[in-house]
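Source file final24.cif; content: mmCIF, C-alpha atoms.
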```cif
data_target
loop_
_atom_site.label_atom_id
_atom_site.label_comp_id
_atom_site.auth_asym_id
_atom_site.auth_seq_id
_atom_site.Cartn_x
_atom_site.Cartn_y
_atom_site.Cartn_z
CA MET A 1 -2.50 3.46 -21.43
CA THR A 2 -5.40 1.11 -20.65
CA THR A 3 -8.64 2.34 -19.08
CA PHE A 4 -10.63 0.67 -16.29
CA SER A 5 -13.96 2.30 -17.11
CA LYS A 6 -16.66 2.84 -14.49
CA ALA A 7 -19.31 1.19 -16.63
CA SER A 8 -17.35 -2.04 -17.00
CA ARG A 9 -16.29 -2.51 -13.37
CA LEU A 10 -18.95 -5.14 -12.71
CA CYS A 11 -17.38 -7.47 -15.23
CA GLY A 12 -13.86 -6.49 -14.33
CA ALA A 13 -13.14 -3.48 -16.55
CA VAL A 14 -10.88 -3.83 -19.57
CA THR A 15 -12.28 -5.73 -22.52
CA MET A 16 -10.23 -7.84 -24.88
CA GLN A 17 -11.04 -10.04 -27.84
CA SER A 18 -11.07 -13.81 -27.29
CA LYS A 19 -8.21 -14.30 -29.72
CA GLN A 20 -6.11 -11.79 -27.82
CA LEU A 21 -6.89 -13.48 -24.52
CA TRP A 22 -5.98 -16.90 -25.86
CA SER A 23 -2.72 -15.40 -27.03
CA LEU A 24 -2.17 -13.91 -23.57
CA LEU A 25 -3.01 -17.15 -21.77
CA LEU A 26 -0.88 -19.25 -24.05
CA SER A 27 2.11 -16.96 -23.80
CA ARG A 28 1.97 -16.50 -20.00
CA ILE A 29 0.44 -19.71 -18.72
CA LEU A 30 1.14 -22.51 -21.19
CA PRO A 31 4.93 -22.41 -20.61
CA LYS A 32 4.31 -23.05 -16.91
CA LEU A 33 1.90 -25.91 -17.61
CA LEU A 34 4.18 -27.57 -20.15
CA GLY A 35 7.39 -26.81 -18.35
CA PHE A 36 9.31 -24.98 -21.06
CA PRO A 37 10.41 -21.34 -21.19
CA GLY A 38 8.21 -18.64 -22.68
CA ILE A 39 10.94 -17.64 -25.13
CA LEU A 40 10.57 -21.04 -26.77
CA LEU A 41 6.83 -20.46 -27.21
CA LYS A 42 7.60 -17.14 -28.92
CA LYS A 43 9.99 -18.99 -31.23
CA PHE A 44 7.24 -21.47 -32.12
CA ARG A 45 4.90 -18.59 -33.01
CA LYS A 46 7.53 -16.83 -35.09
CA GLU A 47 8.20 -19.96 -37.05
CA GLY A 48 4.52 -20.66 -37.59
CA VAL A 49 4.44 -23.76 -35.44
CA MET A 50 1.56 -22.47 -33.33
CA GLU A 51 -1.60 -20.76 -34.54
CA LEU A 52 -3.63 -18.80 -31.98
CA ASP A 53 -7.08 -19.27 -33.47
CA ALA A 54 -9.59 -18.85 -30.67
CA ALA A 55 -12.49 -20.10 -32.79
CA ALA A 56 -10.77 -23.46 -33.22
CA LEU A 57 -10.03 -23.89 -29.51
CA PRO A 58 -12.45 -25.94 -27.40
CA GLU A 59 -14.53 -24.55 -24.53
CA LEU A 60 -12.55 -25.35 -21.41
CA PRO A 61 -14.31 -26.72 -18.30
CA GLN A 62 -14.74 -24.15 -15.54
CA ASP A 63 -12.40 -25.95 -13.13
CA VAL A 64 -9.63 -25.85 -15.76
CA LEU A 65 -10.31 -22.17 -16.45
CA MET A 66 -10.23 -21.45 -12.72
CA ASP A 67 -6.81 -23.10 -12.44
CA ILE A 68 -5.57 -20.95 -15.33
CA PHE A 69 -7.19 -17.74 -14.11
CA GLY A 70 -5.72 -18.38 -10.66
CA THR A 71 -2.20 -17.93 -12.06
CA LEU A 72 -2.89 -14.47 -13.56
CA GLU A 73 -2.13 -11.15 -11.92
CA VAL A 74 -5.05 -8.76 -11.46
CA PRO A 75 -4.88 -6.81 -14.77
CA ASP A 76 -4.80 -10.03 -16.81
CA LEU A 77 -7.51 -11.63 -14.67
CA ILE A 78 -9.77 -8.61 -15.20
CA ARG A 79 -9.24 -8.81 -18.96
CA ALA A 80 -9.99 -12.54 -18.96
CA GLY A 81 -13.18 -12.01 -16.96
CA SER A 82 -14.53 -9.56 -19.54
CA VAL A 83 -14.17 -11.75 -22.66
CA CYS A 84 -17.46 -13.65 -22.61
CA SER A 85 -20.20 -14.80 -20.25
CA SER A 86 -18.60 -18.16 -19.43
CA TRP A 87 -15.23 -16.57 -18.66
CA HIS A 88 -16.91 -13.92 -16.56
CA ALA A 89 -18.76 -16.63 -14.63
CA THR A 90 -15.43 -18.34 -13.96
CA TYR A 91 -13.88 -15.04 -12.89
CA LYS A 92 -16.76 -14.34 -10.51
CA CYS A 93 -16.71 -17.87 -9.09
CA LEU A 94 -12.97 -17.64 -8.44
CA LEU A 95 -13.48 -14.45 -6.40
CA ASP A 96 -16.70 -15.52 -4.66
CA LEU A 97 -15.06 -18.72 -3.43
CA ARG A 98 -12.00 -16.70 -2.31
CA GLN A 99 -9.76 -19.07 -4.22
CA TYR A 100 -7.82 -16.31 -5.99
CA LYS A 101 -4.56 -16.03 -4.08
CA GLN A 102 -2.01 -15.26 -6.79
CA PRO A 103 0.86 -13.10 -5.40
CA GLN A 104 0.60 -9.60 -6.85
CA THR A 105 3.35 -7.24 -7.93
CA PRO A 106 2.88 -3.84 -6.26
CA CYS A 107 1.83 -0.96 -8.52
CA LEU A 108 2.37 2.76 -8.10
CA PHE A 109 -0.88 4.60 -7.41
CA TYR A 110 -0.87 8.24 -8.50
CA THR A 111 -3.07 11.02 -9.85
CA CYS A 112 -2.59 13.51 -12.66
CA GLU A 113 -4.10 17.00 -12.55
CA SER A 114 -4.88 17.05 -16.28
CA ALA A 115 -6.88 13.79 -16.05
CA GLY A 116 -9.51 15.17 -13.67
CA SER A 117 -10.27 15.14 -9.96
CA ASN A 118 -11.90 11.67 -9.89
CA VAL A 119 -9.25 9.83 -11.87
CA GLY A 120 -6.35 7.77 -10.53
CA PHE A 121 -3.73 5.61 -12.20
CA LEU A 122 -1.89 2.39 -11.47
CA TYR A 123 1.60 2.08 -12.93
CA SER A 124 2.45 -1.59 -13.35
CA LEU A 125 6.08 -2.49 -12.68
CA LYS A 126 5.41 -5.85 -14.32
CA GLU A 127 4.14 -4.38 -17.60
CA ASN A 128 5.75 -0.90 -17.51
CA ARG A 129 2.42 0.71 -18.32
CA SER A 130 -0.30 2.72 -16.59
CA TYR A 131 -3.98 1.87 -16.07
CA LYS A 132 -6.57 4.61 -15.74
CA LEU A 133 -9.19 4.30 -12.99
CA THR A 134 -12.42 6.24 -12.49
CA LEU A 135 -12.87 6.52 -8.73
CA PRO A 136 -15.87 7.18 -6.45
CA GLU A 137 -16.66 10.46 -4.70
CA PRO A 138 -15.29 12.42 -2.98
CA PRO A 139 -12.67 13.34 -5.61
CA ILE A 140 -9.39 11.52 -5.05
CA ARG A 141 -7.40 14.71 -5.68
CA SER A 142 -9.20 16.36 -2.76
CA ARG A 143 -8.16 13.63 -0.35
CA LEU A 144 -5.11 13.04 1.84
CA LEU A 145 -3.61 9.57 1.31
CA ILE A 146 -2.45 8.21 4.66
CA GLY A 147 -2.04 4.55 3.86
CA SER A 148 -2.19 1.69 1.39
CA SER A 149 -2.67 -1.83 2.65
CA ASN A 150 -3.82 -5.14 1.17
CA GLY A 151 -5.18 -3.43 -1.95
CA TRP A 152 -7.00 -0.63 -0.10
CA LEU A 153 -6.19 3.06 0.09
CA ILE A 154 -6.89 4.81 3.38
CA THR A 155 -7.85 8.42 2.71
CA ALA A 156 -9.02 11.50 4.61
CA ASP A 157 -11.61 13.74 2.92
CA GLU A 158 -12.08 17.51 3.19
CA ARG A 159 -13.88 17.11 6.52
CA SER A 160 -10.98 14.95 7.81
CA GLU A 161 -13.22 11.86 7.78
CA LEU A 162 -11.56 8.54 6.88
CA HIS A 163 -12.47 6.10 4.10
CA LEU A 164 -11.17 2.80 2.82
CA MET A 165 -11.24 2.68 -0.97
CA ASN A 166 -10.33 -0.08 -3.39
CA PRO A 167 -9.26 1.76 -6.57
CA ILE A 168 -9.77 -1.28 -8.81
CA THR A 169 -13.24 -2.40 -7.73
CA GLY A 170 -14.47 1.06 -6.70
CA GLU A 171 -15.67 -0.31 -3.35
CA GLN A 172 -15.56 2.23 -0.53
CA VAL A 173 -16.06 1.88 3.23
CA ALA A 174 -16.53 4.75 5.69
CA LEU A 175 -14.50 4.38 8.88
CA PRO A 176 -15.64 5.60 12.33
CA SER A 177 -15.88 9.37 12.57
CA VAL A 178 -12.87 11.54 13.30
CA ILE A 179 -14.69 12.93 16.36
CA THR A 180 -14.44 9.48 18.01
CA ILE A 181 -10.63 9.60 17.98
CA GLU A 182 -9.16 10.30 21.41
CA HIS A 183 -8.25 14.00 21.92
CA VAL A 184 -10.52 15.20 19.05
CA LYS A 185 -13.70 17.10 19.85
CA PRO A 186 -16.23 18.76 17.53
CA ILE A 187 -16.93 22.49 17.75
CA PHE A 188 -20.51 23.40 16.76
CA ASP A 189 -21.79 26.65 15.31
CA ALA A 190 -25.07 28.35 16.28
CA SER A 191 -27.08 26.04 13.99
CA GLY A 192 -25.64 22.89 15.56
CA THR A 193 -23.34 22.08 12.63
CA ILE A 194 -19.75 21.03 13.18
CA HIS A 195 -17.57 23.81 11.82
CA MET A 196 -14.24 23.22 13.59
CA TYR A 197 -12.33 20.57 15.51
CA GLU A 198 -10.45 20.77 18.79
CA LEU A 199 -7.26 18.71 19.15
CA SER A 200 -5.90 18.42 22.68
CA TYR A 201 -2.15 18.27 23.01
CA GLU A 202 -1.82 20.44 26.03
CA THR A 203 -3.78 23.29 27.58
CA PRO A 204 -5.16 25.22 25.79
CA PRO A 205 -6.16 22.86 22.92
CA ASP A 206 -5.55 23.72 19.26
CA LEU A 207 -8.44 24.53 16.91
CA PHE A 208 -8.56 23.42 13.27
CA ASP A 209 -10.83 24.01 10.31
CA LEU A 210 -12.55 20.86 9.05
CA GLY A 211 -10.11 20.29 6.20
CA ASP A 212 -6.98 21.29 8.10
CA LEU A 213 -7.17 18.79 10.95
CA ARG A 214 -6.19 15.86 8.71
CA ASP A 215 -2.78 17.38 7.92
CA GLU A 216 -2.00 17.60 11.63
CA LEU A 217 -3.79 14.52 12.99
CA TYR A 218 -2.97 11.59 10.70
CA PHE A 219 0.39 9.94 10.13
CA LYS A 220 -0.21 6.47 8.69
CA ALA A 221 -2.96 3.83 8.52
CA PHE A 222 -3.14 0.10 7.80
CA VAL A 223 -5.69 -2.62 6.97
CA PHE A 224 -4.77 -6.06 8.35
CA PRO A 225 -6.63 -9.40 8.28
CA ASP A 226 -8.00 -9.98 11.78
CA PRO A 227 -6.97 -13.47 12.94
CA SER A 228 -9.51 -13.37 15.76
CA THR A 229 -12.42 -13.47 13.27
CA THR A 230 -12.40 -15.40 9.98
CA GLY A 231 -12.81 -13.13 6.96
CA SER A 232 -12.68 -9.98 9.07
CA TYR A 233 -10.10 -7.23 9.28
CA ILE A 234 -8.76 -4.54 11.56
CA VAL A 235 -7.78 -0.95 10.73
CA VAL A 236 -4.85 0.50 12.68
CA LEU A 237 -4.18 4.23 12.78
CA ILE A 238 -1.04 6.13 13.85
CA HIS A 239 -2.11 9.65 14.81
CA GLU A 240 -1.45 12.68 16.95
CA PRO A 241 -0.95 13.60 19.66
CA TYR A 242 2.45 11.96 19.97
CA SER A 243 1.98 9.45 17.12
CA ARG A 244 -0.01 6.97 19.18
CA LEU A 245 -2.24 4.08 18.08
CA SER A 246 -5.97 3.61 17.66
CA PHE A 247 -7.81 0.75 15.97
CA ALA A 248 -11.27 -0.23 14.77
CA ARG A 249 -12.98 -3.43 13.64
CA PRO A 250 -16.08 -3.83 11.43
CA GLY A 251 -19.21 -2.90 13.36
CA ASP A 252 -17.38 -0.41 15.58
CA ASP A 253 -18.83 3.09 15.79
CA LYS A 254 -15.72 4.62 17.32
CA TRP A 255 -11.94 4.28 17.40
CA THR A 256 -10.37 2.40 20.29
CA TRP A 257 -7.39 4.32 21.64
CA VAL A 258 -4.29 2.40 22.76
CA GLY A 259 -2.98 4.51 25.60
CA GLN A 260 0.48 2.93 25.58
CA GLY A 261 3.63 3.79 23.63
CA SER A 262 4.22 6.81 21.42
CA GLN A 263 6.14 8.27 18.48
CA TYR A 264 5.32 5.31 16.21
CA LYS A 265 6.51 5.26 12.61
CA ASP A 266 5.33 1.90 11.25
CA CYS A 267 3.68 -1.39 12.20
CA THR A 268 2.98 -4.87 10.86
CA TYR A 269 0.66 -7.69 11.93
CA VAL A 270 2.34 -11.08 12.47
CA ASP A 271 0.76 -14.18 14.04
CA GLY A 272 -1.89 -12.21 15.89
CA LEU A 273 0.46 -9.55 17.25
CA LEU A 274 0.93 -5.98 16.04
CA TYR A 275 4.64 -5.14 15.92
CA THR A 276 5.49 -1.43 15.96
CA VAL A 277 8.63 0.68 15.67
CA ASN A 278 8.94 4.22 16.95
CA TYR A 279 11.16 7.18 16.15
CA SER A 280 13.82 6.06 18.63
CA GLY A 281 13.95 2.51 17.26
CA GLU A 282 12.01 0.87 20.09
CA ILE A 283 10.09 -2.19 18.87
CA ASP A 284 6.89 -3.11 20.71
CA ALA A 285 4.30 -5.86 20.31
CA PHE A 286 0.58 -5.36 20.98
CA ASP A 287 -2.01 -8.06 21.60
CA PHE A 288 -5.37 -6.61 20.55
CA THR A 289 -7.22 -9.75 21.67
CA ALA A 290 -6.36 -9.01 25.31
CA SER A 291 -8.53 -6.71 27.40
CA PRO A 292 -7.09 -4.24 28.01
CA VAL A 293 -4.68 -4.33 25.07
CA LYS A 294 -1.37 -5.80 26.20
CA MET A 295 1.92 -4.11 25.19
CA THR A 296 5.33 -5.81 25.38
CA VAL A 297 8.64 -4.06 24.67
CA ILE A 298 10.53 -6.33 22.25
CA MET A 299 13.59 -4.15 21.64
CA LYS A 300 14.65 -1.11 23.62
CA GLU A 301 15.19 2.21 21.89
CA LEU A 302 18.50 3.13 20.29
CA LYS A 303 20.82 5.49 22.16
CA TYR A 304 20.04 8.27 19.69
CA PRO A 305 17.83 8.67 16.60
CA VAL A 306 19.73 7.34 13.59
CA CYS A 307 17.48 8.34 10.70
CA GLU A 308 14.30 10.12 9.66
CA ASN A 309 12.10 7.11 8.92
CA MET A 310 11.90 3.57 10.27
CA TYR A 311 9.95 0.52 9.13
CA ILE A 312 9.10 -2.90 10.59
CA ILE A 313 8.58 -5.70 8.06
CA GLN A 314 8.07 -9.45 8.05
CA ALA A 315 10.39 -11.11 5.52
CA PRO A 316 9.31 -14.03 3.29
CA TRP A 317 11.68 -16.33 5.20
CA GLY A 318 10.01 -15.43 8.52
CA ASP A 319 12.41 -12.93 10.09
CA LEU A 320 11.31 -9.56 11.38
CA LEU A 321 13.23 -6.74 9.68
CA HIS A 322 13.97 -3.28 11.06
CA VAL A 323 14.67 -0.88 8.19
CA TRP A 324 16.31 2.55 8.55
CA ARG A 325 15.86 5.21 5.86
CA THR A 326 18.19 8.20 6.01
CA LEU A 327 17.15 11.45 4.33
CA GLY A 328 19.22 14.52 3.58
CA VAL A 329 20.69 16.81 0.97
CA PRO A 330 23.09 15.00 -1.40
CA PRO A 331 26.72 16.20 -1.39
CA ASN A 332 27.41 18.94 -3.92
CA ALA A 333 23.69 19.47 -4.51
CA PRO A 334 22.78 22.86 -5.99
CA PRO A 335 20.93 25.37 -3.77
CA TRP A 336 17.31 24.45 -3.23
CA VAL A 337 14.66 26.32 -5.20
CA PRO A 338 10.87 26.13 -4.70
CA GLY A 339 9.33 23.11 -6.39
CA LYS A 340 12.44 20.94 -6.23
CA CYS A 341 12.81 17.92 -3.95
CA LEU A 342 13.68 19.21 -0.48
CA PHE A 343 15.24 16.01 0.94
CA GLU A 344 16.34 12.81 -0.75
CA THR A 345 16.85 9.26 0.44
CA LEU A 346 20.60 8.84 0.93
CA LYS A 347 20.79 5.39 2.48
CA ILE A 348 18.59 2.43 3.45
CA GLN A 349 19.87 -0.05 6.03
CA VAL A 350 18.28 -3.39 6.91
CA HIS A 351 18.57 -5.17 10.26
CA LYS A 352 17.29 -8.56 11.32
CA VAL A 353 15.48 -8.46 14.66
CA ASP A 354 16.75 -11.33 16.79
CA LEU A 355 13.81 -11.74 19.17
CA GLU A 356 15.61 -14.21 21.45
CA ALA A 357 18.88 -12.31 21.81
CA LYS A 358 17.11 -8.94 21.79
CA GLN A 359 19.56 -7.65 19.19
CA ARG A 360 19.56 -6.02 15.77
CA VAL A 361 21.86 -7.67 13.24
CA GLU A 362 22.68 -5.63 10.15
CA ILE A 363 22.06 -7.44 6.85
CA ASN A 364 24.23 -6.62 3.86
CA ARG A 365 22.09 -8.55 1.40
CA LEU A 366 18.46 -9.67 1.55
CA GLN A 367 17.81 -13.41 1.45
CA CYS A 368 15.79 -15.07 -1.34
CA ASP A 369 16.74 -12.28 -3.79
CA SER A 370 14.18 -10.13 -1.98
CA VAL A 371 13.13 -6.52 -2.52
CA LEU A 372 11.62 -3.86 -0.25
CA PHE A 373 8.68 -1.51 -0.83
CA LEU A 374 8.69 1.53 1.45
CA GLY A 375 6.43 4.56 1.75
CA HIS A 376 2.87 5.15 2.92
CA ASN A 377 2.07 1.56 1.97
CA ASP A 378 2.21 -1.34 4.40
CA SER A 379 5.95 -1.98 4.29
CA LEU A 380 6.75 -5.05 2.19
CA CYS A 381 9.58 -7.50 1.61
CA LEU A 382 8.92 -9.66 -1.47
CA SER A 383 10.90 -12.35 -3.25
CA ALA A 384 12.23 -11.45 -6.70
CA GLN A 385 12.04 -15.18 -7.44
CA VAL A 386 8.25 -14.84 -7.23
CA HIS A 387 8.34 -11.42 -8.92
CA PRO A 388 11.20 -11.71 -11.46
CA GLU A 389 10.44 -8.31 -12.98
CA LEU A 390 11.69 -6.68 -9.73
CA LYS A 391 15.33 -5.90 -8.95
CA SER A 392 16.67 -8.11 -6.18
CA ASN A 393 18.32 -6.48 -3.16
CA HIS A 394 16.74 -3.14 -4.06
CA ALA A 395 14.29 -0.88 -2.23
CA TYR A 396 11.41 0.71 -4.15
CA PHE A 397 10.41 3.81 -2.21
CA THR A 398 7.98 6.71 -2.33
CA ASP A 399 7.97 9.93 -0.32
CA ASP A 400 6.51 9.57 3.18
CA PHE A 401 8.33 12.34 5.05
CA LYS A 402 5.18 13.98 6.43
CA GLU A 403 6.86 17.19 7.53
CA VAL A 404 7.72 17.86 3.87
CA THR A 405 4.89 16.26 1.88
CA VAL A 406 2.13 18.09 3.77
CA LEU A 407 3.80 21.50 3.97
CA PHE A 408 5.23 21.47 0.44
CA LYS A 409 2.44 19.91 -1.61
CA ASN A 410 3.87 20.88 -4.99
CA CYS A 411 7.48 19.83 -4.43
CA ILE A 412 8.98 17.03 -6.50
CA ARG A 413 8.74 13.81 -4.51
CA ASP A 414 11.55 11.69 -3.13
CA MET A 415 10.93 8.48 -5.10
CA GLY A 416 13.14 5.87 -6.69
CA VAL A 417 14.72 2.42 -6.65
CA MET A 418 17.82 2.08 -4.48
CA ASP A 419 20.48 -0.63 -4.66
CA LEU A 420 20.91 -1.69 -1.03
CA GLU A 421 24.52 -2.69 -1.63
CA ASN A 422 25.88 0.63 -2.90
CA SER A 423 23.02 3.12 -2.23
CA VAL A 424 22.83 4.03 -5.92
CA ASN A 425 19.39 5.43 -6.66
CA LYS A 426 17.54 5.29 -10.00
CA GLU A 427 14.14 6.62 -11.02
CA ILE A 428 11.12 4.32 -11.13
CA VAL A 429 9.92 5.91 -14.36
CA SER A 430 10.05 9.41 -15.83
CA GLN A 431 7.62 11.53 -13.79
CA ILE A 432 4.06 10.81 -14.90
CA TRP A 433 2.33 11.80 -11.65
CA SER A 434 1.18 14.93 -9.89
CA ASN A 435 3.01 15.62 -6.66
CA TRP A 436 -0.24 15.81 -4.67
CA PRO A 437 -1.72 13.57 -3.42
CA CYS A 438 1.62 11.92 -2.85
CA PRO A 439 2.02 8.72 -4.95
CA THR A 440 2.08 5.45 -3.03
CA TRP A 441 2.57 1.73 -3.60
CA ILE A 442 -0.49 -0.49 -3.64
CA THR A 443 -0.82 -4.25 -4.03
CA PRO A 444 -3.86 -4.95 -6.27
CA ASN A 445 -6.64 -6.90 -4.56
CA LEU A 446 -10.10 -7.81 -5.89
CA MET A 447 -11.49 -9.26 -2.67
CA LYS A 448 -14.44 -7.46 -1.10
CA LEU A 449 -14.69 -6.41 2.54
CA ASN A 450 -17.75 -8.28 3.81
CA GLN A 451 -18.40 -6.09 6.83
CA ALA A 452 -18.75 -2.35 7.33
CA PHE A 453 -18.23 0.08 10.20
CA ASN A 454 -20.91 2.12 11.92
CA ARG A 455 -20.70 5.89 11.73
#
```
Just give me the structure as structure tokens.
Amino acid sequence: MTTFSKASRLCGAVTMQSKQLWSLLLSRILPKLLGFPGILLKKFRKEGVMELDAAALPELPQDVLMDIFGTLEVPDLIRAGSVCSSWHATYKCLLDLRQYKQPQTPCLFYTCESAGSNVGFLYSLKENRSYKLTLPEPPIRSRLLIGSSNGWLITADERSELHLMNPITGEQVALPSVITIEHVKPIFDASGTIHMYELSYETPPDLFDLGDLRDELYFKAFVFPDPSTTGSYIVVLIHEPYSRLSFARPGDDKWTWVGQGSQYKDCTYVDGLLYTVNYSGEIDAFDFTASPVKMTVIMKELKYPVCENMYIIQAPWGDLLHVWRTLGVPPNAPPWVPGKCLFETLKIQVHKVDLEAKQRVEINRLQCDSVLFLGHNDSLCLSAQVHPELKSNHAYFTDDFKEVTVLFKNCIRDMGVMDLENSVNKEIVSQIWSNWPCPTWITPNLMKLNQAFNR
């Protein structure tokens, strides 16, 4: 297990000797530059054809190093940036100029009780290893994870306040206060301190302790690039009552409530429009640049609910995908006992959304040898041609069934890798995580958020 230490975050964390880095660069990058397979390079090493002597290698110009660094995934880039001052300068320049755009393989973010309350881990599917991360306050194990998007975790603390947190860089951004969300009001004690929250569903409203509101209020959250402003972003929140939408942009001091639609399960941002899917399968599109926000029904709801969870995803080839995830108790399963997984994923179905014909077309196999990532992350469809370590036509999933994960915090989680052709499910890795907070997928990202919110 490799450690991303707090003290070394400024230079990118993990240190590695120059000779080791040259070996890494030569083994992973040189085959691409020279156009021959990596296995042949290993053969050359084995037979003594190639010596990896860093001292004998020339100092590469920064533009050449930037081209090389730009092909590395985040863990390797961080290692490279910590080797020496010139490599760190190249690493920093690559990020400052926002020229680092290498596609990243999602990692599994999780915690482990024995490691401490401020420690998280990233399990790399590419390397089959875990990285240890020291995270900022408040303790990650005291938070509720409600989303993972573009390298950022969206968490709710013990006062039900929301934060964006990048687990690799340690950067953290406070989002507008929970008391600015529609239907939430603060309750003050005699000293003027907030000691409870009021959530209005119907009359009379429900009252919640500070740390209990988050379990009831939040469903899922997302961070999307905001096309209306270069370099900016927008945070979208699905919340109660009735699983409706609110959003906030940098500089906002409150959440903007979208008083249209309800019962949403997932959303994605495509070409300036937010596409959403609700419990009944209705697909809507929202234009946040319009005032007021404009909602268009893209696909009417299904005749009856067909599954427990639904997702809306943009595919690499451009189509919009509607994914159904069916949960239940497997046939011939033994009686449930406390601590065991309550429900399991039995089937995952994928449908293409034909926007012109207003129809869903079931897909038996994903194009481009693609794979799905489902859970509390922003739902993803990635090409296994770009990420060859992933299993094509499979879905990598974590547990996001809120009714179970919140009520049964210590139950084994519904996680695995499912073959979309035959619904055969295999484990991601032998359990290395604590069941709470619930593990989630995250796509590593080193880019900073340049603007903050007002609270």
Can you give me, as a short mmCIF file (atom, residue, chain, number, x, y, z; two decimals) with C-alpha atoms, in the coordinates of the input, the residues this file yields under the PyMOL selection byres ((chain A and resi 251-262) around 8)?
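That gives us out_29.cif:
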```cif
data_model
loop_
_atom_site.label_atom_id
_atom_site.label_comp_id
_atom_site.auth_asym_id
_atom_site.auth_seq_id
_atom_site.Cartn_x
_atom_site.Cartn_y
_atom_site.Cartn_z
CA PRO A 176 -15.64 5.60 12.33
CA SER A 177 -15.88 9.37 12.57
CA THR A 180 -14.44 9.48 18.01
CA ILE A 181 -10.63 9.60 17.98
CA GLU A 182 -9.16 10.30 21.41
CA TYR A 242 2.45 11.96 19.97
CA SER A 243 1.98 9.45 17.12
CA ARG A 244 -0.01 6.97 19.18
CA LEU A 245 -2.24 4.08 18.08
CA SER A 246 -5.97 3.61 17.66
CA PHE A 247 -7.81 0.75 15.97
CA ALA A 248 -11.27 -0.23 14.77
CA ARG A 249 -12.98 -3.43 13.64
CA PRO A 250 -16.08 -3.83 11.43
CA GLN A 263 6.14 8.27 18.48
CA TYR A 264 5.32 5.31 16.21
CA ASN A 278 8.94 4.22 16.95
CA VAL A 293 -4.68 -4.33 25.07
CA MET A 295 1.92 -4.11 25.19
CA GLN A 451 -18.40 -6.09 6.83
CA ALA A 452 -18.75 -2.35 7.33
CA PHE A 453 -18.23 0.08 10.20
CA ASN A 454 -20.91 2.12 11.92
CA ARG A 455 -20.70 5.89 11.73
#
```
Answer key for the PyMOL selection byres ((chain A and resi 301) around 8), residues as a ChimeraX atom specification | /A:280-283,299-300,302-303
Name the closest residue to Cys368 in chain A among the candidates A:Val270, A:Ile179, A:Val386, A:Leu327; distances are taken between atoms, counting only C-alpha atoms.
-> A:Val386
Which neighbours of Gly70 in chain A fall inside 8 Å, counting only C-alpha atoms, when residues of the same chain fewer than 5 positions from it are skipped, and could you give them as a PyMOL selection string?
-> chain A and resi 94+99-102
Same residues, C-alpha atoms, output as a PDB file, keeping the file's coordinate frame:
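Okay, again_10.pdb is ready:
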```pdb
ATOM      1  CA  LEU A  94     -12.970 -17.640  -8.440  1.00  0.00           C
ATOM      2  CA  GLN A  99      -9.760 -19.070  -4.220  1.00  0.00           C
ATOM      3  CA  TYR A 100      -7.820 -16.310  -5.990  1.00  0.00           C
ATOM      4  CA  LYS A 101      -4.560 -16.030  -4.080  1.00  0.00           C
ATOM      5  CA  GLN A 102      -2.010 -15.260  -6.790  1.00  0.00           C
TER       6      GLN A 102
END
```
Report as number ranges by chain the residues that result from applying the PyMOL selection byres ((chain A and resi 59-63) around 9) to the structure here.
-> A: 57-58, 64-68, 86-87, 89-90
Please provide as a ChimeraX atom specification all residues within 7 Å of range 441-445 of chain A, with the sequence filter that same-chain residues fewer than 4 positions apart are discarded (counting only C-alpha atoms).
-> /A:74,104-109,148-151,377
What does the file look like for those residues with C-alpha atoms, as a PDB file, keeping the file's coordinate frame?
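Once everything was written out, this is result32.pdb:
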```
ATOM      1  CA  VAL A  74      -5.050  -8.760 -11.460  1.00  0.00           C
ATOM      2  CA  GLN A 104       0.600  -9.600  -6.850  1.00  0.00           C
ATOM      3  CA  THR A 105       3.350  -7.240  -7.930  1.00  0.00           C
ATOM      4  CA  PRO A 106       2.880  -3.840  -6.260  1.00  0.00           C
ATOM      5  CA  CYS A 107       1.830  -0.960  -8.520  1.00  0.00           C
ATOM      6  CA  LEU A 108       2.370   2.760  -8.100  1.00  0.00           C
ATOM      7  CA  PHE A 109      -0.880   4.600  -7.410  1.00  0.00           C
ATOM      8  CA  SER A 148      -2.190   1.690   1.390  1.00  0.00           C
ATOM      9  CA  SER A 149      -2.670  -1.830   2.650  1.00  0.00           C
ATOM     10  CA  ASN A 150      -3.820  -5.140   1.170  1.00  0.00           C
ATOM     11  CA  GLY A 151      -5.180  -3.430  -1.950  1.00  0.00           C
ATOM     12  CA  ASN A 377       2.070   1.560   1.970  1.00  0.00           C
TER      13      ASN A 377
END
```
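Among the candidates A:Asp212, A:Glu308, A:Glu344, A:Asp378, the one nearest to Glu158 in chain A when counting only C-alpha atoms is A:Asp212.
The coordinates place CA of Ala156 in chain A at 14.5 Å from CA of Glu240 in chain A.
Summary of the local environment: counting all atoms listed in the file, residues at most 9 Å from Glu389 in chain A, other than itself and those fewer than 3 positions away along its chain, are A:Thr105, A:Leu125, A:Lys126, A:Glu127, A:Ala384, A:Gln385, A:Val386.
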Within 12 Å of range 193-206 of chain A, which residues of range 213-257 of chain A show up? Give each one with its shortest atom-to-atom distance in Å (one decimal) and the two atoms involved, counting all atoms listed in the file, rows by chain then rising residue number, as a Markdown table.
```
| residue | atom | partner | partner_atom | distance |
| --- | --- | --- | --- | --- |
| A:Leu213 | CA | A:Tyr197 | CA | 7.1 |
| A:Arg214 | CA | A:Tyr197 | CA | 10.3 |
| A:Glu216 | CA | A:Leu199 | CA | 9.2 |
| A:Leu217 | CA | A:Leu199 | CA | 8.2 |
| A:Tyr218 | CA | A:Leu199 | CA | 11.9 |
| A:His239 | CA | A:Leu199 | CA | 11.3 |
| A:Glu240 | CA | A:Tyr201 | CA | 8.3 |
| A:Pro241 | CA | A:Tyr201 | CA | 5.9 |
| A:Tyr242 | CA | A:Tyr201 | CA | 8.4 |
| A:Ser243 | CA | A:Tyr201 | CA | 11.4 |
```
